[in-house]
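Novice: Sharing a structure below in structure tokens format, with a few things to ask.
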Amino acid sequence: MVSWLGLLAGHFAGGRGTCLSWRPQPAVCGANRFLFAHQCHHAGGSGAGGIASPFLDELARTFSAEEALLLYRDTDLERIFLWRLKAGESERLVPESMPLSRTDGFLLDDMDAAICWNSLAGPGSGFGWDRRNGKVIKNLPRLPGPAQQELKVQSFLTVAFDQAGQASGRIFLLNGRKPFQKNDLAWLEKYRWERLPGS
């Protein structure tokens, strides 16, 4: 745990400006199961919440999104953990804990899809591909209506991240100030958190 905290703290202490050349370097994403799920679950978010907050804020501001979310599915605890941050906020995050029955509500049942929806009204406007082979997805998965309403989603960009070789959760960027582009999704998909130590 100490090595994880040191790595993450060093990343952010190095200065936000130096973290970003064109896009942030998410090698220290913080989706590590022990650090996030167990630290936050058992310690009320005291440690990981302080790390999740600057990371999600960096993503939201870099992609000009209103909010950034980190969803982590812990099958051992049979819970989904959700960290949610509005751009510009800096308070320590305590994750919301939800039952695994809500998996499909957050696209956690289709972890191989890298997805963008720039509009969800009517037929919508979006694009995406299978992260395993890069093939375009013709019938893009959509967030169910209840999740759209709960999160107040108008547009979103999302990719899955892996832990120990298994898809473990998703990063969401919500409500971009301008339409998301394919290169935005490609960047997130390319760096889909596989560079985490222990992944």
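Convention: chains lettered A, B, ... in structure tokens order; per-chain residue numbering from 1; ligands numbered from 1 as shown.
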Could you name the residues that touch A:Ser64 at 8 Å or less, counting only C-alpha atoms, but leaving out those on the same chain fewer than 5 positions away, as a PyMOL selection string?

Specialist: chain A and resi 176-178

Novice: If you run DSSP on this backbone, which residues of stretch 25-165 of chain A come out as strand (DSSP E or B), and could you give them as a PyMOL selection string?

Specialist: chain A and resi 65-74+79-86+96-99+113-119+125-130+136+156-163

Novice: Applying 9 Å and only C-alpha atoms, which residues near A:Gly105 remain after dropping the ones on its own chain fewer than 5 positions away? List them as a list in words.

Specialist: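 The residues that qualify are Leu143, Pro144, Gly145, Pro146, Ala147 and Gln148 of chain A.
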
Novice: Distance atom CA of A:Ala87-atom CA of A:Gly126, one decimal place?

Specialist: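 Going from atom CA of A:Ala87 over to atom CA of A:Gly126 covers 22.8 Å.
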
Novice: Pick from A:Gly134, A:Gly128, A:Gly169, A:Gly88: nearest to A:Ala65, with only C-alpha atoms counted?

Specialist: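 With only C-alpha atoms as the atom set, the closest residue is A:Gly88.
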
Novice: Between atom CA of A:Leu108 and atom CA of A:Glu58, measure the distance and give it in Å to one decimal.

Specialist: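 Separating atom CA of A:Leu108 from atom CA of A:Glu58 is a distance of 23.1 Å.
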
Novice: Identify which of the residues A:Glu89, A:Glu67, A:Asp74, A:Asp57 lies closest to A:Leu157, counting only C-alpha atoms when measuring atom-to-atom distances.

Specialist: A:Glu67
